[in-house]
Each structure stands twice: as structure tokens, then as C-alpha cells.
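Colleague: I am attaching a structure below and will ask some questions about it afterwards.
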Amino acid sequence: MIEWGIVIPAFLTGLLVLLTHVPLGQRVLQRNIIFIDLALAQIAGLGLIIASAGGFESHGIGMQVIAVASALLGAFAFYLTEKRWPEIQEAIIGTVFILAATLSLLIVARQPQGAHAISDLLSGQILWVNFSQLWPVGILYAFVLLLWFTPWWPSQRLKFYILFALAVTASVQLVGIFLVFASLILPALAVRNMKSRALLIGYLIGATGYLAGILLSAWWDYPTGPMIVWTLFLATLVFIVICNYKNNAV
């Protein structure tokens, strides 16, 4: 039996995440900084873990402030390192990711629910998202998209890092680090060579992957986050194979 009262909010959560992550992911591929999403998501997650260890209420304002501040600090640091050391930017991003990930493990090592907290951070709890959690994220994403598609900005690079940090901080709490990475990279990877309708098709690929993953997870009783990662990958792979077949046929 499919619990539509759970499936529908989960699917809407996926669509909401895709709204910002598909265009952001396309820019990530263009800039060739693939692992910045993992690094910033992990930094935001580290902020959440620190806030939780400090006794802040889950999803409370204090926890959100710490998570956003952590991600913005990381984004500004990456912005500065890109200007100063562009040739080793990927190495710096990878180093920051592994430091944030291991520090998270160290912080939760002595907590009774430490393993569960890390699992939630990585895989997310998309099936347990409710509508009350979505409307503030929707407002934030609307703000991010408005600024993203606004051509005027003092520094386009700084805009990218700030908006990326804001979007990822919200999405990592909804869907986890694995799905943040998959939502950013896989649809963008599928449409990387397209000249037109790339954004629309990226959205369709992402929506297909989320819907299939949620339904298969419900039918087979498998973890939802990892299942969606695989269905996003398969949707991307099928689209790439079809495009290659059509190009070779022509």
C-alpha cells in the first residue's frame, strides 16, 4: 500500500529542491567545481550538528542561524580561495569537505544517537517532511531564484557562492547530502551539451528520478534517499543514451 499522505509531500519536497538545484548544478559544471556542493552541504551539516550538540531545538531559529552562518562562511572562504589560488580550488574544496565530515563524526562520537544523526545528514528524511516545513523553504528558494535570474549584481562569482550556500543549507535539512549532490549534478550532467531547453529538461529528469525513487522506496521498503539517488542516475543515463542514439542516427 502506498501512503499518499507521505508520498505527495515527499515528491513536492523533491520538486522544490530541484527548482534551485538544477540551475545551480548547471553553473557548477560550467565552473568545473564539482565537489563544492558536497563541501558546502557538509559545512551546513556541521553547523547543524554543532547547534544540536549545543542544545538548540531541531528546526528552531537558533539552529537555522548557525547552519546558514556556517555555509555562508564556507562560501565566502571558497570565493576568496578561488580568487587567490584558482589552480588548486578543487583540492581546497575536497580538503574542507573531509575536514568538515570528520569533525562531524568526532562531535557525535560520544552522543547516544550519533550514528542516527550522521545517517540523517547523509541520507535525509524526505519521507517525513511535512507541509509546514516546505513553505519557509519555498520562500527562501523564491528569493534565491529571483536573485539568480537577476542580471545585475556587483560580483557574479560572489552571487553564485552566496545563493549556493543559502540553497544548500535548506536542502540538506530536507533531503540530506547524498540527494543534494545528486540533484545538483545528475540533471545538469544529462543536459550539459544542450543549447536550448536545458533547464526544462533538467527539471523533467529530476522530477522523474524523484517520483520513481519515492514510489519504489515505498513499494520495496528501501531507504528513500539512496533509492532516489539511483533513480536520478538511471533517468540521467537513459536520457544520455537516447540523445547519443539520436545523434548517431542522424
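Following the order of the C-alpha cells, chains are lettered A, B, ..., residues in each are numbered from 1, and ligands are numbered from 1.
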Please identify all polymer residues within 7 Å of A:Met227, counting only C-alpha atoms, omitting same-chain residues fewer than 4 positions from it, and present them as a VMD selection string.

Modeller: chain A and resid 213 217 223 231

Colleague: Quick one: pull the distance between atom CA of A:Leu46 and atom CA of A:Leu211, Å, one decimal.

Modeller: 29.0 Å

Colleague: Report the residues of stretch 38-124 of chain A whose backbone DSSP state falls under alpha helix (DSSP H), written as a JSON list (two decimals) with N, CA and C atoms, in the first residue's frame.

Modeller:
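Writing the result to out.json gives the following:
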[["chain", "number", "residue", "atom", "x", "y", "z"],
["A", 38, "LEU", "N", 29.08, 19.21, -2.30],
["A", 38, "LEU", "CA", 29.32, 18.33, -1.16],
["A", 38, "LEU", "C", 29.97, 19.07, 0.00],
["A", 39, "ALA", "N", 30.94, 19.92, -0.32],
["A", 39, "ALA", "CA", 31.66, 20.64, 0.74],
["A", 39, "ALA", "C", 30.73, 21.59, 1.48],
["A", 40, "LEU", "N", 29.95, 22.39, 0.76],
["A", 40, "LEU", "CA", 29.06, 23.34, 1.43],
["A", 40, "LEU", "C", 27.93, 22.63, 2.15],
["A", 41, "ALA", "N", 27.44, 21.54, 1.57],
["A", 41, "ALA", "CA", 26.40, 20.77, 2.28],
["A", 41, "ALA", "C", 26.96, 20.19, 3.57],
["A", 42, "GLN", "N", 28.19, 19.71, 3.53],
["A", 42, "GLN", "CA", 28.80, 19.16, 4.73],
["A", 42, "GLN", "C", 29.08, 20.25, 5.77],
["A", 43, "ILE", "N", 29.47, 21.43, 5.32],
["A", 43, "ILE", "CA", 29.69, 22.55, 6.24],
["A", 43, "ILE", "C", 28.38, 22.94, 6.92],
["A", 44, "ALA", "N", 27.30, 23.03, 6.11],
["A", 44, "ALA", "CA", 25.99, 23.33, 6.70],
["A", 44, "ALA", "C", 25.58, 22.25, 7.68],
["A", 45, "GLY", "N", 25.83, 20.98, 7.30],
["A", 45, "GLY", "CA", 25.53, 19.88, 8.21],
["A", 45, "GLY", "C", 26.34, 19.94, 9.49],
["A", 46, "LEU", "N", 27.60, 20.34, 9.36],
["A", 46, "LEU", "CA", 28.43, 20.51, 10.55],
["A", 46, "LEU", "C", 27.84, 21.57, 11.47],
["A", 47, "GLY", "N", 27.35, 22.66, 10.88],
["A", 47, "GLY", "CA", 26.70, 23.69, 11.68],
["A", 47, "GLY", "C", 25.48, 23.15, 12.42],
["A", 48, "LEU", "N", 24.71, 22.30, 11.74],
["A", 48, "LEU", "CA", 23.53, 21.69, 12.38],
["A", 48, "LEU", "C", 23.94, 20.78, 13.53],
["A", 49, "ILE", "N", 25.00, 20.01, 13.32],
["A", 49, "ILE", "CA", 25.47, 19.10, 14.37],
["A", 49, "ILE", "C", 25.99, 19.88, 15.58],
["A", 50, "ILE", "N", 26.73, 20.95, 15.31],
["A", 50, "ILE", "CA", 27.23, 21.79, 16.40],
["A", 50, "ILE", "C", 26.06, 22.41, 17.17],
["A", 51, "ALA", "N", 25.06, 22.90, 16.43],
["A", 51, "ALA", "CA", 23.90, 23.51, 17.09],
["A", 51, "ALA", "C", 23.15, 22.48, 17.91],
["A", 52, "SER", "N", 22.99, 21.27, 17.36],
["A", 52, "SER", "CA", 22.29, 20.21, 18.10],
["A", 52, "SER", "C", 23.06, 19.82, 19.35],
["A", 53, "ALA", "N", 24.39, 19.71, 19.24],
["A", 53, "ALA", "CA", 25.21, 19.38, 20.41],
["A", 53, "ALA", "C", 25.15, 20.48, 21.46],
["A", 61, "ILE", "N", 15.01, 28.44, 15.26],
["A", 61, "ILE", "CA", 15.66, 29.58, 14.62],
["A", 61, "ILE", "C", 17.15, 29.61, 14.93],
["A", 62, "GLY", "N", 17.52, 29.22, 16.15],
["A", 62, "GLY", "CA", 18.93, 29.21, 16.50],
["A", 62, "GLY", "C", 19.73, 28.25, 15.65],
["A", 63, "MET", "N", 19.18, 27.05, 15.44],
["A", 63, "MET", "CA", 19.86, 26.06, 14.63],
["A", 63, "MET", "C", 19.99, 26.54, 13.19],
["A", 64, "GLN", "N", 18.94, 27.20, 12.67],
["A", 64, "GLN", "CA", 18.99, 27.69, 11.30],
["A", 64, "GLN", "C", 20.04, 28.79, 11.13],
["A", 65, "VAL", "N", 20.12, 29.65, 12.12],
["A", 65, "VAL", "CA", 21.12, 30.73, 12.05],
["A", 65, "VAL", "C", 22.53, 30.16, 12.01],
["A", 66, "ILE", "N", 22.79, 29.17, 12.85],
["A", 66, "ILE", "CA", 24.13, 28.57, 12.88],
["A", 66, "ILE", "C", 24.43, 27.85, 11.57],
["A", 67, "ALA", "N", 23.45, 27.12, 11.03],
["A", 67, "ALA", "CA", 23.66, 26.40, 9.78],
["A", 67, "ALA", "C", 23.93, 27.36, 8.62],
["A", 68, "VAL", "N", 23.11, 28.41, 8.53],
["A", 68, "VAL", "CA", 23.29, 29.40, 7.44],
["A", 68, "VAL", "C", 24.62, 30.12, 7.60],
["A", 69, "ALA", "N", 24.94, 30.52, 8.83],
["A", 69, "ALA", "CA", 26.20, 31.22, 9.06],
["A", 69, "ALA", "C", 27.39, 30.33, 8.69],
["A", 70, "SER", "N", 27.32, 29.05, 9.00],
["A", 70, "SER", "CA", 28.40, 28.12, 8.67],
["A", 70, "SER", "C", 28.56, 28.02, 7.15],
["A", 71, "ALA", "N", 27.44, 27.85, 6.44],
["A", 71, "ALA", "CA", 27.51, 27.71, 4.99],
["A", 71, "ALA", "C", 27.99, 28.99, 4.32],
["A", 72, "LEU", "N", 27.53, 30.15, 4.80],
["A", 72, "LEU", "CA", 27.97, 31.42, 4.22],
["A", 72, "LEU", "C", 29.45, 31.66, 4.47],
["A", 73, "LEU", "N", 29.90, 31.30, 5.66],
["A", 73, "LEU", "CA", 31.33, 31.43, 5.95],
["A", 73, "LEU", "C", 32.15, 30.55, 5.01],
["A", 74, "GLY", "N", 31.70, 29.31, 4.82],
["A", 74, "GLY", "CA", 32.39, 28.42, 3.88],
["A", 74, "GLY", "C", 32.36, 28.94, 2.46],
["A", 75, "ALA", "N", 31.20, 29.47, 2.04],
["A", 75, "ALA", "CA", 31.08, 30.00, 0.69],
["A", 75, "ALA", "C", 32.00, 31.20, 0.47],
["A", 76, "PHE", "N", 32.08, 32.08, 1.47],
["A", 76, "PHE", "CA", 32.96, 33.24, 1.33],
["A", 76, "PHE", "C", 34.42, 32.81, 1.30],
["A", 77, "ALA", "N", 34.76, 31.79, 2.08],
["A", 77, "ALA", "CA", 36.13, 31.27, 2.06],
["A", 77, "ALA", "C", 36.47, 30.70, 0.68],
["A", 78, "PHE", "N", 35.52, 29.96, 0.07],
["A", 78, "PHE", "CA", 35.76, 29.42, -1.27],
["A", 78, "PHE", "C", 35.87, 30.53, -2.31],
["A", 79, "TYR", "N", 35.07, 31.58, -2.13],
["A", 79, "TYR", "CA", 35.15, 32.73, -3.04],
["A", 79, "TYR", "C", 36.54, 33.36, -2.98],
["A", 80, "LEU", "N", 37.08, 33.52, -1.78],
["A", 80, "LEU", "CA", 38.41, 34.11, -1.63],
["A", 80, "LEU", "C", 39.50, 33.20, -2.18],
["A", 81, "THR", "N", 39.38, 31.89, -1.92],
["A", 81, "THR", "CA", 40.42, 30.97, -2.41],
["A", 81, "THR", "C", 40.38, 30.86, -3.93],
["A", 82, "GLU", "N", 39.19, 30.99, -4.52],
["A", 82, "GLU", "CA", 39.13, 30.96, -5.99],
["A", 82, "GLU", "C", 39.86, 32.15, -6.60],
["A", 83, "LYS", "N", 39.75, 33.30, -5.94],
["A", 83, "LYS", "CA", 40.46, 34.49, -6.43],
["A", 83, "LYS", "C", 41.96, 34.37, -6.20],
["A", 84, "ARG", "N", 42.35, 33.77, -5.07],
["A", 84, "ARG", "CA", 43.76, 33.75, -4.70],
["A", 84, "ARG", "C", 44.50, 32.54, -5.27],
["A", 89, "GLN", "N", 41.79, 25.13, -6.48],
["A", 89, "GLN", "CA", 40.48, 25.31, -5.89],
["A", 89, "GLN", "C", 39.82, 23.97, -5.55],
["A", 90, "GLU", "N", 39.87, 23.00, -6.47],
["A", 90, "GLU", "CA", 39.25, 21.71, -6.22],
["A", 90, "GLU", "C", 39.90, 20.99, -5.03],
["A", 91, "ALA", "N", 41.22, 21.11, -4.94],
["A", 91, "ALA", "CA", 41.92, 20.48, -3.82],
["A", 91, "ALA", "C", 41.50, 21.10, -2.49],
["A", 92, "ILE", "N", 41.34, 22.42, -2.48],
["A", 92, "ILE", "CA", 40.90, 23.11, -1.26],
["A", 92, "ILE", "C", 39.49, 22.68, -0.89],
["A", 93, "ILE", "N", 38.61, 22.61, -1.89],
["A", 93, "ILE", "CA", 37.23, 22.20, -1.64],
["A", 93, "ILE", "C", 37.19, 20.78, -1.06],
["A", 94, "GLY", "N", 37.96, 19.87, -1.64],
["A", 94, "GLY", "CA", 37.99, 18.50, -1.14],
["A", 94, "GLY", "C", 38.53, 18.41, 0.27],
["A", 95, "THR", "N", 39.56, 19.20, 0.56],
["A", 95, "THR", "CA", 40.13, 19.21, 1.90],
["A", 95, "THR", "C", 39.13, 19.72, 2.93],
["A", 96, "VAL", "N", 38.43, 20.80, 2.60],
["A", 96, "VAL", "CA", 37.42, 21.35, 3.51],
["A", 96, "VAL", "C", 36.30, 20.34, 3.75],
["A", 97, "PHE", "N", 35.91, 19.65, 2.68],
["A", 97, "PHE", "CA", 34.85, 18.64, 2.83],
["A", 97, "PHE", "C", 35.25, 17.56, 3.82],
["A", 98, "ILE", "N", 36.44, 17.01, 3.65],
["A", 98, "ILE", "CA", 36.85, 15.91, 4.52],
["A", 98, "ILE", "C", 37.07, 16.37, 5.95],
["A", 99, "LEU", "N", 37.54, 17.62, 6.13],
["A", 99, "LEU", "CA", 37.69, 18.15, 7.49],
["A", 99, "LEU", "C", 36.34, 18.35, 8.16],
["A", 100, "ALA", "N", 35.37, 18.89, 7.43],
["A", 100, "ALA", "CA", 34.03, 19.09, 7.99],
["A", 100, "ALA", "C", 33.37, 17.76, 8.29],
["A", 101, "ALA", "N", 33.55, 16.77, 7.40],
["A", 101, "ALA", "CA", 32.93, 15.46, 7.61],
["A", 101, "ALA", "C", 33.50, 14.76, 8.83],
["A", 102, "THR", "N", 34.81, 14.78, 8.96],
["A", 102, "THR", "CA", 35.43, 14.09, 10.09],
["A", 102, "THR", "C", 35.17, 14.81, 11.41],
["A", 103, "LEU", "N", 35.10, 16.15, 11.36],
["A", 103, "LEU", "CA", 34.77, 16.89, 12.58],
["A", 103, "LEU", "C", 33.36, 16.56, 13.04],
["A", 104, "SER", "N", 32.44, 16.40, 12.08],
["A", 104, "SER", "CA", 31.07, 15.99, 12.42],
["A", 104, "SER", "C", 31.08, 14.65, 13.13],
["A", 105, "LEU", "N", 31.87, 13.70, 12.63],
["A", 105, "LEU", "CA", 31.97, 12.38, 13.26],
["A", 105, "LEU", "C", 32.53, 12.47, 14.67],
["A", 106, "LEU", "N", 33.53, 13.33, 14.84],
["A", 106, "LEU", "CA", 34.13, 13.48, 16.17],
["A", 106, "LEU", "C", 33.14, 14.08, 17.16],
["A", 107, "ILE", "N", 32.35, 15.04, 16.70],
["A", 107, "ILE", "CA", 31.40, 15.70, 17.61],
["A", 107, "ILE", "C", 30.33, 14.73, 18.09],
["A", 108, "VAL", "N", 29.83, 13.87, 17.18],
["A", 108, "VAL", "CA", 28.73, 12.97, 17.55],
["A", 108, "VAL", "C", 29.22, 11.64, 18.10],
["A", 114, "GLY", "N", 24.37, 9.41, 17.90],
["A", 114, "GLY", "CA", 25.32, 9.96, 16.94],
["A", 114, "GLY", "C", 25.25, 9.31, 15.58],
["A", 115, "ALA", "N", 25.18, 7.98, 15.54],
["A", 115, "ALA", "CA", 25.12, 7.28, 14.25],
["A", 115, "ALA", "C", 23.84, 7.63, 13.49],
["A", 116, "HIS", "N", 22.75, 7.78, 14.22],
["A", 116, "HIS", "CA", 21.48, 8.15, 13.59],
["A", 116, "HIS", "C", 21.56, 9.57, 13.02],
["A", 117, "ALA", "N", 22.21, 10.47, 13.74],
["A", 117, "ALA", "CA", 22.34, 11.85, 13.27],
["A", 117, "ALA", "C", 23.14, 11.91, 11.98],
["A", 118, "ILE", "N", 24.23, 11.14, 11.90],
["A", 118, "ILE", "CA", 25.05, 11.11, 10.68],
["A", 118, "ILE", "C", 24.27, 10.50, 9.53],
["A", 119, "SER", "N", 23.52, 9.44, 9.80],
["A", 119, "SER", "CA", 22.71, 8.81, 8.77],
["A", 119, "SER", "C", 21.67, 9.78, 8.21],
["A", 120, "ASP", "N", 21.01, 10.54, 9.09],
["A", 120, "ASP", "CA", 20.03, 11.53, 8.65],
["A", 120, "ASP", "C", 20.69, 12.62, 7.82],
["A", 121, "LEU", "N", 21.88, 13.03, 8.22],
["A", 121, "LEU", "CA", 22.58, 14.08, 7.49],
["A", 121, "LEU", "C", 22.94, 13.62, 6.09],
["A", 122, "LEU", "N", 23.34, 12.38, 5.94],
["A", 122, "LEU", "CA", 23.74, 11.86, 4.63],
["A", 122, "LEU", "C", 22.54, 11.49, 3.77],
["A", 123, "SER", "N", 21.65, 10.67, 4.30],
["A", 123, "SER", "CA", 20.55, 10.12, 3.51],
["A", 123, "SER", "C", 19.29, 10.96, 3.57]]

Colleague: Tell me which protein, DNA and RNA residues are within 8 Å of stretch 14-29 of chain A, counting only C-alpha atoms, leaving out same-chain ones fewer than 3 positions away, and put them as a tab-separated table (two decimals) with N, CA and C atoms, in the first residue's frame.

Modeller:
chain	number	residue	atom	x	y	z
A	10	ALA	N	6.62	14.30	0.07
A	10	ALA	CA	8.00	13.96	-0.29
A	10	ALA	C	8.30	14.36	-1.72
A	11	PHE	N	7.36	14.11	-2.63
A	11	PHE	CA	7.57	14.47	-4.04
A	11	PHE	C	7.61	15.99	-4.20
A	32	ASN	N	33.39	23.99	-13.32
A	32	ASN	CA	34.26	22.84	-13.05
A	32	ASN	C	34.70	22.78	-11.59
A	33	ILE	N	33.73	23.01	-10.69
A	33	ILE	CA	33.99	22.87	-9.26
A	33	ILE	C	32.95	21.89	-8.71
A	34	ILE	N	33.07	20.65	-9.14
A	34	ILE	CA	32.03	19.66	-8.95
A	34	ILE	C	31.74	19.40	-7.47
A	36	ILE	N	32.00	21.30	-4.83
A	36	ILE	CA	31.66	22.41	-3.93
A	36	ILE	C	30.32	22.15	-3.26
A	138	GLY	N	10.22	27.27	0.59
A	138	GLY	CA	9.72	27.80	-0.68
A	138	GLY	C	9.96	29.30	-0.80
A	141	TYR	N	13.70	29.76	-1.44
A	141	TYR	CA	14.05	29.39	-2.81
A	141	TYR	C	13.55	30.43	-3.82
A	144	VAL	N	16.05	33.08	-3.72
A	144	VAL	CA	17.29	32.63	-4.39
A	144	VAL	C	17.12	32.68	-5.91
A	145	LEU	N	15.99	32.19	-6.42
A	145	LEU	CA	15.77	32.18	-7.87
A	145	LEU	C	15.62	33.59	-8.42
A	164	PHE	N	24.29	29.81	-3.54
A	164	PHE	CA	24.55	28.38	-3.41
A	164	PHE	C	24.51	27.96	-1.94
A	167	ALA	N	20.82	28.01	-0.62
A	167	ALA	CA	20.00	26.91	-1.14
A	167	ALA	C	20.40	25.58	-0.53
A	171	SER	N	18.29	22.73	1.69
A	171	SER	CA	18.01	21.42	1.08
A	171	SER	C	18.65	20.28	1.85
A	175	VAL	N	16.59	16.82	2.46
A	175	VAL	CA	16.83	15.59	1.70
A	175	VAL	C	18.18	14.94	1.98
A	180	VAL	N	21.37	16.09	-2.18
A	180	VAL	CA	21.80	17.42	-2.60
A	180	VAL	C	22.77	17.30	-3.76
A	183	SER	N	20.94	15.86	-6.93
A	183	SER	CA	20.02	16.82	-7.53
A	183	SER	C	20.76	17.92	-8.28
A	184	LEU	N	21.93	18.28	-7.80
A	184	LEU	CA	22.73	19.31	-8.46
A	184	LEU	C	23.41	18.80	-9.72
A	185	ILE	N	24.03	17.62	-9.63
A	185	ILE	CA	24.94	17.18	-10.67
A	185	ILE	C	24.27	16.35	-11.76
A	187	PRO	N	21.00	15.89	-13.14
A	187	PRO	CA	20.25	16.54	-14.22
A	187	PRO	C	21.12	17.48	-15.06
A	188	ALA	N	22.03	18.20	-14.40
A	188	ALA	CA	22.93	19.09	-15.14
A	188	ALA	C	23.85	18.31	-16.06
A	189	LEU	N	24.29	17.14	-15.62
A	189	LEU	CA	25.16	16.29	-16.44
A	189	LEU	C	24.42	15.80	-17.68
A	192	ARG	N	24.18	18.77	-20.33
A	192	ARG	CA	25.36	19.65	-20.42
A	192	ARG	C	25.65	20.10	-21.85
A	199	LEU	N	17.28	23.77	-19.16
A	199	LEU	CA	16.73	23.91	-17.81
A	199	LEU	C	15.44	23.11	-17.67
A	202	GLY	N	16.20	19.41	-17.68
A	202	GLY	CA	16.82	19.08	-16.41
A	202	GLY	C	15.79	18.92	-15.30
A	203	TYR	N	14.80	19.83	-15.28
A	203	TYR	CA	13.73	19.71	-14.30
A	203	TYR	C	12.95	18.41	-14.50
A	206	GLY	N	14.95	15.41	-13.31
A	206	GLY	CA	14.97	15.39	-11.85
A	206	GLY	C	13.65	14.95	-11.26
A	207	ALA	N	12.54	15.47	-11.79
A	207	ALA	CA	11.22	15.11	-11.29
A	207	ALA	C	10.94	13.63	-11.50
A	210	TYR	N	12.96	11.63	-8.90
A	210	TYR	CA	12.39	11.72	-7.56
A	210	TYR	C	11.11	10.90	-7.43

Colleague: Between A:Trp153, A:Gly124, A:Phe143, A:Asn247, which is the closest to A:Ile228 once you count only C-alpha atoms?

Modeller: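 Result for the nearest residue to A:Ile228: A:Gly124.
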